[in-house]
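**Q** Hey, dropping entry-v3.cif in here, mmCIF, C-alpha atoms:
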data_entry
#
loop_
_atom_site.label_atom_id
_atom_site.label_comp_id
_atom_site.auth_asym_id
_atom_site.auth_seq_id
_atom_site.Cartn_x
_atom_site.Cartn_y
_atom_site.Cartn_z
CA MET A 7 -69.70 -25.30 -67.09
CA SER A 8 -66.76 -25.93 -64.76
CA LEU A 9 -66.63 -29.06 -62.60
CA ASN A 10 -64.56 -29.65 -59.52
CA THR A 11 -61.67 -31.90 -60.53
CA ARG A 12 -61.29 -33.51 -57.13
CA LEU A 13 -62.55 -36.98 -56.34
CA TYR A 14 -66.30 -37.51 -55.98
CA SER A 15 -68.03 -40.13 -53.88
CA PRO A 16 -69.96 -42.87 -55.71
CA LYS A 17 -73.23 -41.28 -54.54
CA HIS A 18 -72.30 -37.93 -56.03
CA VAL A 19 -71.20 -39.59 -59.25
CA THR A 20 -74.60 -41.24 -59.60
CA GLN A 21 -76.43 -37.98 -58.94
CA LEU A 22 -74.23 -36.11 -61.38
CA GLY A 23 -74.73 -38.72 -64.08
CA ARG A 24 -78.51 -38.53 -63.77
CA ALA A 25 -78.48 -34.76 -63.92
CA VAL A 26 -76.16 -34.09 -66.84
CA GLY A 27 -75.70 -37.48 -68.49
CA PRO A 28 -77.71 -36.71 -71.64
CA ILE A 29 -75.62 -33.61 -72.26
CA PHE A 30 -72.15 -34.67 -71.18
CA GLN A 31 -72.27 -38.39 -71.83
CA ALA A 32 -69.13 -38.32 -73.93
CA ARG A 33 -67.32 -36.00 -71.56
CA ALA A 34 -67.69 -37.70 -68.19
CA ALA A 35 -65.46 -36.17 -65.55
CA ILE A 36 -65.03 -39.25 -63.41
CA VAL A 37 -64.07 -42.82 -64.16
CA THR A 38 -64.94 -45.38 -61.51
CA SER A 39 -63.73 -48.97 -61.81
CA PRO A 40 -65.17 -52.01 -60.05
CA ALA A 41 -62.07 -52.03 -57.86
CA GLY A 42 -62.81 -48.52 -56.72
CA LEU A 43 -60.06 -46.89 -58.75
CA ARG A 44 -60.99 -43.37 -59.76
CA ILE A 45 -59.05 -40.75 -61.61
CA ALA A 46 -60.09 -37.18 -62.23
CA CYS A 47 -58.66 -35.96 -65.52
CA LEU A 48 -58.04 -32.29 -66.05
CA ALA A 49 -58.08 -29.93 -68.97
CA TYR A 50 -54.63 -29.11 -70.22
CA GLN A 51 -53.67 -25.47 -70.53
CA GLY A 52 -50.33 -24.52 -72.05
CA HIS A 53 -48.16 -22.00 -70.26
CA HIS A 54 -48.48 -19.60 -73.17
CA GLY A 55 -52.21 -19.98 -73.83
CA PRO A 56 -54.76 -18.33 -71.56
CA ALA A 57 -57.76 -20.36 -72.69
CA PRO A 58 -58.17 -23.85 -71.18
CA ARG A 59 -58.69 -26.71 -73.62
CA SER A 60 -60.85 -29.77 -73.15
CA PHE A 61 -58.58 -32.70 -72.38
CA SER A 62 -59.42 -36.37 -72.71
CA THR A 63 -62.87 -37.17 -71.31
CA THR A 64 -62.86 -34.22 -68.93
CA SER A 65 -65.13 -31.21 -69.05
CA ARG A 66 -63.55 -27.78 -69.33
CA ALA A 67 -61.77 -26.90 -66.11
CA GLN A 68 -58.87 -24.78 -64.93
CA LEU A 69 -55.62 -26.75 -64.82
CA LYS A 70 -54.05 -27.29 -61.46
CA ASP A 71 -50.29 -27.64 -61.85
CA PHE A 72 -49.32 -30.62 -59.69
CA PHE A 73 -45.62 -29.76 -59.65
CA PRO A 74 -45.29 -26.00 -60.29
CA SER A 75 -41.84 -24.47 -60.59
CA LYS A 76 -40.72 -22.64 -57.48
CA GLU A 77 -40.16 -18.96 -58.17
CA THR A 78 -36.76 -17.62 -57.12
CA GLY A 79 -35.00 -14.29 -57.39
CA TYR A 80 -32.49 -15.36 -60.04
CA ILE A 81 -33.27 -18.81 -61.53
CA ARG A 82 -35.56 -18.91 -64.55
CA GLN A 83 -35.81 -22.68 -65.03
CA THR A 84 -34.10 -25.96 -64.16
CA LEU A 85 -33.01 -27.96 -67.20
CA PRO A 86 -33.10 -31.79 -67.34
CA ALA A 87 -30.04 -33.45 -65.82
CA TRP A 88 -29.89 -35.88 -68.75
CA LYS A 89 -30.69 -34.29 -72.10
CA HIS A 90 -32.66 -36.67 -74.31
CA HIS A 91 -30.71 -37.94 -77.34
CA GLY A 92 -33.74 -37.47 -79.60
CA TRP A 93 -35.57 -39.68 -82.08
CA THR A 94 -36.17 -39.55 -85.81
CA GLU A 95 -39.61 -40.40 -87.12
CA LYS A 96 -38.18 -43.40 -88.95
CA GLU A 97 -36.68 -44.79 -85.73
CA MET A 98 -39.93 -44.35 -83.82
CA LEU A 99 -42.08 -45.97 -86.50
CA SER A 100 -39.76 -48.98 -86.75
CA VAL A 101 -40.40 -50.02 -83.12
CA VAL A 102 -42.41 -53.23 -82.89
CA ALA A 103 -43.96 -55.17 -80.03
CA GLU A 104 -42.15 -58.50 -79.73
CA HIS A 105 -41.37 -61.10 -77.07
CA ARG A 106 -38.13 -62.84 -76.09
CA GLU A 107 -38.95 -66.44 -75.31
CA PRO A 108 -37.62 -67.59 -71.91
CA LYS A 109 -34.56 -69.82 -72.27
CA THR A 110 -33.48 -70.52 -68.70
CA LEU A 111 -35.19 -71.21 -65.41
CA GLY A 112 -34.43 -67.63 -64.34
CA ASP A 113 -36.03 -66.32 -67.54
CA ARG A 114 -39.17 -68.34 -66.91
CA PHE A 115 -39.38 -67.08 -63.35
CA ALA A 116 -39.01 -63.44 -64.49
CA TRP A 117 -41.66 -63.92 -67.19
CA TYR A 118 -44.06 -65.54 -64.72
CA VAL A 119 -43.66 -62.65 -62.27
CA VAL A 120 -44.35 -60.08 -65.02
CA ARG A 121 -47.49 -61.95 -66.08
CA THR A 122 -48.64 -62.07 -62.46
CA CYS A 123 -48.05 -58.32 -62.10
CA LYS A 124 -50.03 -57.70 -65.31
CA TRP A 125 -52.92 -59.76 -63.96
CA GLY A 126 -52.84 -57.79 -60.71
CA MET A 127 -52.87 -54.44 -62.53
CA ASP A 128 -55.80 -55.51 -64.71
CA LEU A 129 -57.70 -56.53 -61.59
CA ALA A 130 -56.89 -53.39 -59.61
CA THR A 131 -57.76 -51.03 -62.46
CA GLY A 132 -61.04 -52.80 -63.19
CA LEU A 133 -60.23 -53.83 -66.76
CA LYS A 134 -63.18 -55.71 -68.18
CA LYS A 135 -62.81 -59.15 -69.78
CA GLU A 136 -63.61 -57.88 -73.26
CA GLN A 137 -60.90 -55.20 -72.94
CA LYS A 138 -58.08 -57.58 -72.03
CA ASP A 139 -55.34 -58.75 -74.37
CA ASP A 140 -55.27 -62.08 -76.15
CA LYS A 141 -53.78 -64.54 -73.65
CA LYS A 142 -52.05 -66.46 -76.43
CA ASN A 143 -50.23 -63.33 -77.63
CA PRO A 144 -50.06 -61.10 -74.53
CA THR A 145 -47.24 -58.83 -75.71
CA THR A 146 -48.08 -58.58 -79.41
CA ALA A 147 -51.89 -58.59 -79.82
CA LEU A 148 -53.28 -55.12 -80.62
CA THR A 149 -57.03 -55.72 -80.70
CA SER A 150 -59.64 -56.65 -78.14
CA GLU A 151 -63.42 -56.93 -78.19
CA ARG A 152 -63.74 -53.49 -76.63
CA PRO A 153 -61.21 -50.60 -76.66
CA LEU A 154 -60.12 -48.65 -73.60
CA THR A 155 -61.15 -45.04 -73.07
CA GLU A 156 -58.67 -42.18 -72.80
CA ALA A 157 -59.18 -42.08 -69.03
CA GLN A 158 -58.53 -45.81 -68.71
CA TRP A 159 -55.34 -45.45 -70.73
CA LEU A 160 -54.15 -42.67 -68.43
CA VAL A 161 -54.82 -44.81 -65.36
CA ARG A 162 -52.72 -47.65 -66.77
CA ILE A 163 -49.95 -45.41 -68.09
CA ILE A 164 -49.52 -43.47 -64.86
CA PHE A 165 -49.49 -46.66 -62.78
CA LEU A 166 -47.03 -48.31 -65.18
CA GLU A 167 -44.65 -45.33 -65.26
CA SER A 168 -44.75 -44.88 -61.47
CA ILE A 169 -43.43 -48.44 -61.14
CA ALA A 170 -41.11 -48.49 -64.17
CA GLY A 171 -38.86 -45.82 -62.66
CA VAL A 172 -37.94 -48.05 -59.69
CA PRO A 173 -35.70 -50.84 -61.14
CA GLY A 174 -33.07 -48.55 -62.67
CA MET A 175 -32.72 -46.58 -59.45
CA VAL A 176 -32.46 -49.72 -57.30
CA ALA A 177 -29.91 -51.37 -59.59
CA GLY A 178 -27.90 -48.17 -60.02
CA MET A 179 -27.86 -47.56 -56.27
CA LEU A 180 -26.73 -51.09 -55.43
CA ARG A 181 -24.02 -51.08 -58.09
CA HIS A 182 -22.85 -47.68 -56.85
CA LEU A 183 -22.56 -48.97 -53.28
CA HIS A 184 -20.89 -52.14 -54.54
CA SER A 185 -18.31 -50.06 -56.42
CA LEU A 186 -17.57 -48.02 -53.29
CA ARG A 187 -17.40 -51.09 -51.10
CA ARG A 188 -15.01 -53.00 -53.36
CA MET A 189 -13.16 -49.84 -54.46
CA LYS A 190 -13.50 -50.88 -58.11
CA ARG A 191 -14.94 -49.33 -61.23
CA ASP A 192 -18.44 -50.32 -62.30
CA ASN A 193 -17.58 -50.17 -66.02
CA GLY A 194 -20.42 -47.88 -67.04
CA TRP A 195 -23.49 -49.69 -65.73
CA ILE A 196 -24.50 -47.12 -63.10
CA GLU A 197 -24.97 -44.18 -65.46
CA THR A 198 -27.14 -46.15 -67.91
CA LEU A 199 -29.35 -47.51 -65.12
CA LEU A 200 -29.86 -44.14 -63.46
CA GLU A 201 -30.59 -42.47 -66.79
CA GLU A 202 -33.21 -45.15 -67.46
CA SER A 203 -34.86 -44.38 -64.14
CA TYR A 204 -34.76 -40.65 -64.90
CA ASN A 205 -36.32 -41.20 -68.32
CA GLU A 206 -39.19 -43.21 -66.83
CA ARG A 207 -39.83 -40.44 -64.30
CA MET A 208 -40.04 -37.90 -67.13
CA HIS A 209 -42.70 -40.09 -68.74
CA LEU A 210 -44.66 -40.00 -65.49
CA LEU A 211 -44.34 -36.23 -65.10
CA THR A 212 -45.54 -35.75 -68.68
CA PHE A 213 -48.73 -37.74 -68.15
CA MET A 214 -49.24 -36.22 -64.71
CA LYS A 215 -49.75 -32.93 -66.54
CA MET A 216 -52.84 -34.54 -68.03
CA CYS A 217 -54.68 -35.90 -65.03
CA GLU A 218 -54.79 -36.06 -61.26
CA PRO A 219 -55.04 -39.51 -59.65
CA GLY A 220 -57.65 -40.01 -56.97
CA TRP A 221 -56.86 -41.14 -53.44
CA PHE A 222 -57.29 -44.84 -54.21
CA MET A 223 -54.72 -44.79 -56.99
CA LYS A 224 -52.28 -42.80 -54.85
CA VAL A 225 -52.56 -45.40 -52.10
CA MET A 226 -52.18 -48.23 -54.63
CA ILE A 227 -49.05 -46.64 -56.10
CA LEU A 228 -47.61 -46.09 -52.62
CA GLY A 229 -48.15 -49.72 -51.67
CA ALA A 230 -46.92 -51.08 -55.01
CA GLN A 231 -43.79 -48.96 -54.90
CA GLY A 232 -42.98 -50.05 -51.36
CA VAL A 233 -43.34 -53.73 -52.21
CA PHE A 234 -41.62 -53.42 -55.58
CA PHE A 235 -38.63 -51.44 -54.31
CA ASN A 236 -37.84 -53.85 -51.49
CA THR A 237 -38.41 -56.92 -53.67
CA MET A 238 -36.10 -55.53 -56.37
CA PHE A 239 -33.51 -54.60 -53.73
CA LEU A 240 -33.35 -58.10 -52.27
CA THR A 241 -33.58 -59.89 -55.63
CA TYR A 242 -30.81 -57.80 -57.21
CA LEU A 243 -28.51 -58.77 -54.35
CA VAL A 244 -29.15 -62.43 -55.17
CA SER A 245 -29.41 -62.42 -58.97
CA PRO A 246 -28.91 -59.25 -61.06
CA LYS A 247 -29.40 -61.30 -64.25
CA ILE A 248 -32.95 -62.29 -63.27
CA CYS A 249 -33.73 -58.67 -62.37
CA HIS A 250 -32.56 -57.36 -65.74
CA ARG A 251 -34.51 -60.10 -67.52
CA PHE A 252 -37.57 -59.14 -65.46
CA VAL A 253 -37.19 -55.48 -66.47
CA GLY A 254 -36.74 -56.55 -70.09
CA TYR A 255 -40.06 -58.40 -69.94
CA LEU A 256 -41.67 -55.49 -68.09
CA GLU A 257 -40.56 -53.15 -70.88
CA GLU A 258 -42.03 -55.57 -73.41
CA GLU A 259 -45.34 -54.94 -71.68
CA ALA A 260 -44.72 -51.19 -71.84
CA VAL A 261 -43.97 -51.30 -75.58
CA HIS A 262 -47.10 -53.39 -76.11
CA THR A 263 -49.20 -50.99 -74.03
CA TYR A 264 -48.16 -47.95 -76.06
CA THR A 265 -48.38 -49.85 -79.36
CA ARG A 266 -51.96 -50.86 -78.64
CA CYS A 267 -52.81 -47.33 -77.50
CA ILE A 268 -51.37 -45.89 -80.73
CA TYR A 269 -53.32 -48.45 -82.75
CA GLU A 270 -56.62 -47.56 -81.07
CA LEU A 271 -55.90 -43.86 -81.55
CA GLU A 272 -55.17 -44.37 -85.27
CA GLN A 273 -58.40 -46.37 -85.62
CA GLY A 274 -60.38 -43.38 -84.32
CA LEU A 275 -61.33 -45.10 -81.06
CA LEU A 276 -59.88 -42.30 -78.91
CA PRO A 277 -61.65 -39.23 -80.34
CA HIS A 278 -60.52 -36.64 -77.79
CA TRP A 279 -56.84 -37.43 -78.35
CA SER A 280 -57.44 -37.27 -82.10
CA ASP A 281 -58.86 -33.74 -81.86
CA PRO A 282 -56.69 -31.39 -83.97
CA ASN A 283 -56.94 -28.78 -81.21
CA PHE A 284 -55.41 -31.15 -78.67
CA LYS A 285 -52.03 -30.00 -77.36
CA ILE A 286 -49.47 -32.09 -75.50
CA PRO A 287 -47.84 -30.70 -72.31
CA ASP A 288 -44.97 -28.22 -72.63
CA ILE A 289 -42.76 -30.42 -70.46
CA ALA A 290 -42.90 -33.10 -73.19
CA VAL A 291 -42.05 -30.63 -75.95
CA ALA A 292 -39.03 -29.40 -74.01
CA TYR A 293 -37.73 -32.83 -72.95
CA TRP A 294 -37.92 -34.55 -76.34
CA ASP A 295 -37.39 -31.32 -78.30
CA ILE A 296 -40.49 -32.13 -80.34
CA PRO A 297 -40.69 -29.98 -83.49
CA GLU A 298 -43.67 -27.87 -84.55
CA GLY A 299 -46.25 -29.84 -86.45
CA LYS A 300 -45.36 -33.05 -84.59
CA ARG A 301 -46.97 -32.31 -81.25
CA THR A 302 -50.04 -34.52 -81.38
CA MET A 303 -50.89 -37.22 -78.84
CA ARG A 304 -49.88 -39.86 -81.39
CA ASP A 305 -46.44 -38.26 -81.71
CA LEU A 306 -46.02 -38.15 -77.93
CA LEU A 307 -46.90 -41.84 -77.64
CA LEU A 308 -44.38 -42.66 -80.37
CA TYR A 309 -41.61 -40.86 -78.44
CA VAL A 310 -42.47 -42.64 -75.19
CA ARG A 311 -42.76 -46.03 -76.90
CA ALA A 312 -39.33 -45.61 -78.49
CA ASP A 313 -37.85 -44.92 -75.03
CA GLU A 314 -39.49 -48.06 -73.67
CA ALA A 315 -38.10 -50.05 -76.60
CA VAL A 316 -34.61 -48.88 -75.62
CA HIS A 317 -35.10 -50.04 -72.03
CA ARG A 318 -36.37 -53.38 -73.35
CA GLY A 319 -33.31 -53.94 -75.54
CA VAL A 320 -30.83 -52.62 -72.97
CA ASN A 321 -32.12 -54.76 -70.10
CA HIS A 322 -32.37 -57.93 -72.17
CA THR A 323 -28.77 -57.27 -73.22
CA LEU A 324 -27.60 -56.66 -69.64
CA GLY A 325 -29.39 -59.84 -68.64
CA ASN A 326 -27.19 -61.74 -71.11
CA LEU A 327 -23.91 -60.42 -69.68
CA ASN A 328 -21.69 -61.32 -66.76
CA THR A 329 -23.03 -58.70 -64.34
CA LYS A 330 -19.89 -58.79 -62.19
CA GLU A 331 -17.16 -58.38 -64.78
CA ASP A 332 -18.49 -57.34 -68.19
CA PRO A 333 -18.41 -53.64 -69.14
CA ASN A 334 -21.56 -51.88 -70.30
CA PRO A 335 -21.38 -52.14 -74.12
CA PHE A 336 -23.69 -49.17 -74.65
CA VAL A 337 -21.14 -46.67 -73.29
CA SER A 338 -17.86 -48.48 -74.08
CA ASP A 339 -15.22 -47.43 -76.61
CA TYR A 340 -14.43 -50.39 -78.86
CA LYS A 341 -11.07 -51.45 -80.26
CA GLU A 342 -10.03 -50.36 -83.72
CA GLY A 343 -11.82 -52.40 -86.32
CA GLU A 344 -14.43 -53.67 -83.83
CA ALA A 345 -16.73 -50.63 -83.77
CA GLY A 346 -19.34 -52.61 -85.68
CA HIS A 347 -20.01 -54.59 -82.52
CA ARG A 348 -20.85 -51.48 -80.49
CA PRO A 349 -24.59 -51.18 -79.79
CA THR A 350 -26.30 -47.82 -79.40
CA LEU A 351 -29.55 -46.76 -77.79
CA SER A 352 -31.10 -46.35 -81.23
CA THR A 353 -30.13 -49.86 -82.30
CA ALA A 354 -31.21 -51.28 -78.95
CA ALA A 355 -34.73 -50.06 -79.69
CA GLN A 356 -34.70 -52.24 -82.82
CA ARG A 357 -33.48 -55.32 -80.94
CA PRO A 358 -36.46 -56.64 -78.91
CA GLN A 359 -34.43 -59.72 -77.94
CA GLY A 360 -31.44 -57.66 -76.84
CA TYR A 361 -27.83 -58.41 -77.83
CA GLU A 362 -26.21 -61.70 -76.97
CA ARG A 363 -22.93 -61.55 -75.06
CA SER A 364 -20.98 -62.93 -78.01
CA GLU A 365 -22.19 -60.05 -80.19
CA VAL A 366 -21.03 -57.18 -77.98
CA ILE A 367 -18.33 -58.52 -75.63
CA GLY A 368 -16.51 -61.13 -77.74
#
Write out the structure in this file as structure tokens.

**A**
Amino acid sequence: MSLNTRLYSPKHVTQLGRAVGPIFQARAAIVTSPAGLRIACLAYQGHHGPAPRSFSTTSRAQLKDFFPSKETGYIRQTLPAWKHHGWTEKEMLSVVAEHREPKTLGDRFAWYVVRTCKWGMDLATGLKKEQKDDKKNPTTALTSERPLTEAQWLVRIIFLESIAGVPGMVAGMLRHLHSLRRMKRDNGWIETLLEESYNERMHLLTFMKMCEPGWFMKVMILGAQGVFFNTMFLTYLVSPKICHRFVGYLEEEAVHTYTRCIYELEQGLLPHWSDPNFKIPDIAVAYWDIPEGKRTMRDLLLYVRADEAVHRGVNHTLGNLNTKEDPNPFVSDYKEGEAGHRPTLSTAAQRPQGYERSEVIG
């Protein structure tokens, strides 16, 4: 049976549930939240496999490619502008969800804004009380009274990634213009910030291969991006340190989100993603260069979480520096005998608190 993957009205959803509920109860095609957020998940079909596979909580359906490659006379494919540096399994498994306690007034303000944004997302996506995190340990708790479904996870992930790609682009753009205006070097900040934004967008494109947001979510993302972009733009002009601390806390939430999702998957609470026949999108395999035998949903979440851990460590580190004068330690060449102070992206993923200025600048 093939179902239309477009958005249904609440009336149609009710009728459909009454008609086929006993048969397809575990494979509902539509998720409707109290806030009206709906997302129609699709079956994933690899480019090299003709038979569609059941994906997430969706019934079998033909995949619609939301961003198909444009056919040309000579070009076969367009490769990523920034090739991913890759992860080892040991590095990915060593990532932990932790929290940097606010130390300054700016830190407290950034943390309060992140908590407010989290509350707003929970409200907009219709997260039930028993599914919410422990308020006493919001960035480290992994259990709740009731787990999320695969479709609910996709809603949260897509919304999170659509927003997470904004700060790096805003900061990189402003620092680029500042460098042109003052006719001075930026000391390596721009490239790192733009690459962060690019990486977040690749996360979004990967999960967009798995589901199609409904009209409500598209409108919500449009509004959130408009508000977020302009707020980040104005705030970065006033205090780049607060912005980087805010992004550091935002990435703490991202690491926690993926850690909890991995935990629920490992506990068998997400059966469709645990299916041995489940295949991740080809775009993910190509971007992270994921080897054969390591292409499960758990592996994909580990790769994405490791990326978020890097952004967490990098932004907390940048928030500790003099944003006007200090060079970017992650791309700098250190003096002879001082190479031990040079941080890398891999080590940043293992530093939830980030590096203090004294550790990397001297």

**Q** Rounded to one decimal, what separation in Å do you get between atom CA of A:Val253 and atom CA of A:Trp117?

**A**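 Taking atom CA of A:Val253 and atom CA of A:Trp117, their separation equals 9.6 Å.
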
**Q** Need to verify the contact set: A:Thr212, 10 Å, all atoms listed in the file, exclusion of same-chain residues closer than 2 positions in sequence. Can you return it as number ranges by chain?

**A** A: 164, 206-210, 214-217, 286-291, 293, 306, 310

**Q** Nearest to A:Thr198: which of A:Trp88, A:Tyr361, A:Phe239, A:Tyr340 is it, counting all atoms listed in the file?

**A**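 Nearest to A:Thr198: A:Trp88.
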
**Q** Near A:Glu107, counting all atoms listed in the file, which residues have an atom at most 10 Å away, once you skip same-chain residues fewer than 5 positions from it, shown as a PDB file with C-alpha atoms, in the coordinates of the input?

**A**
ATOM      1  CA  ASP A 113     -36.030 -66.320 -67.540  1.00  0.00           C
ATOM      2  CA  ARG A 114     -39.170 -68.340 -66.910  1.00  0.00           C
ATOM      3  CA  TRP A 117     -41.660 -63.920 -67.190  1.00  0.00           C
ATOM      4  CA  TYR A 255     -40.060 -58.400 -69.940  1.00  0.00           C
ATOM      5  CA  GLN A 359     -34.430 -59.720 -77.940  1.00  0.00           C
TER       6      GLN A 359
END

**Q** How would you write, as an NGL selection string, the residues chosen by the PyMOL selection byres ((chain A and resi 363) around 9) on this structure?

**A** :A and (323-324 or 326-328 or 361-362 or 364-368)

**Q** Can you list what the PyMOL selection byres ((chain A and resi 329-335) around 7) grabs from this structure, as a tab-separated table (two decimals) with C-alpha atoms, keeping the file's coordinate frame?

**A**
chain	number	residue	atom	x	y	z
A	193	ASN	CA	-17.58	-50.17	-66.02
A	194	GLY	CA	-20.42	-47.88	-67.04
A	195	TRP	CA	-23.49	-49.69	-65.73
A	246	PRO	CA	-28.91	-59.25	-61.06
A	247	LYS	CA	-29.40	-61.30	-64.25
A	327	LEU	CA	-23.91	-60.42	-69.68
A	328	ASN	CA	-21.69	-61.32	-66.76
A	336	PHE	CA	-23.69	-49.17	-74.65
A	337	VAL	CA	-21.14	-46.67	-73.29
A	338	SER	CA	-17.86	-48.48	-74.08
A	348	ARG	CA	-20.85	-51.48	-80.49
A	349	PRO	CA	-24.59	-51.18	-79.79
A	366	VAL	CA	-21.03	-57.18	-77.98

**Q** Wanna dump the stretch 160-241 of chain A-stretch 121-129 of chain A contacts at 10 Å for me, each residue with its shortest atom pair and the distance in Å to one decimal, counting only C-alpha atoms, ordered by chain and number, as a Markdown table?

**A**
| residue | atom | partner | partner_atom | distance |
| --- | --- | --- | --- | --- |
| A:Arg162 | CA | A:Met127 | CA | 8.0 |
| A:Phe165 | CA | A:Met127 | CA | 8.5 |
| A:Leu166 | CA | A:Met127 | CA | 8.9 |

**Q** Applied to this file, what does the PyMOL selection byres ((chain A and resi 248) around 7) return in terms of residues, put as a list of chain:residue names?

**A**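 This file gives the following for the PyMOL selection byres ((chain A and resi 248) around 7): A:Gly112, A:Asp113, A:Ala116, A:Ser245, A:Pro246, A:Lys247, A:Cys249, A:His250, A:Arg251, A:Phe252, A:Gly325.
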
**Q** At what distance in Å, to one decimal, does atom CA of A:Arg266 lie from atom CA of A:Leu148?

**A** 4.9 Å

**Q** Of the candidates A:Glu97, A:Ala292, A:Val102, A:His317, which shows the shortest atom-to-atom distance to A:Tyr264, using all atoms listed in the file?

**A**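 Of A:Glu97, A:Ala292, A:Val102, A:His317, the one nearest A:Tyr264 is A:Val102, counting all atoms listed in the file.
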
**Q** Nearest residue to A:Ala312 out of A:Glu201, A:Asp281, A:Glu258, A:Glu298, using all atoms listed in the file?

**A**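 Checking each candidate against A:Ala312, we get A:Glu258 as the closest.
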
**Q** In Å, rounded to a single decimal, give me how far atom CA of A:Ala130 is from atom CA of A:Ala103.

**A**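 Those two atoms sit 24.2 Å apart.
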
**Q** Rank A:Val316, A:Val176, A:Val120, A:Leu211 by their smallest atom-to-atom distance to A:Thr241, using all atoms listed in the file, and report the top residue only.

**A**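 Smallest distance to A:Thr241 is found for A:Val176.
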
**Q** Return the padded bounding box of stretch 200-217 of chain A as JSON: axis-aligned, built from all atoms listed in the file, 6 Å added on each side, with centre and edge lengths in Å to one decimal.

**A**
{"center_x": -42.3, "center_y": -39.0, "center_z": -66.1, "size_x": 36.8, "size_y": 24.2, "size_z": 17.3}

**Q** May I have the residues within 7 Å of A:Gly360 as a PyMOL selection string, using only C-alpha atoms and disregarding those fewer than 5 positions away in the same chain?

**A** chain A and resi 319-320+322-323+354
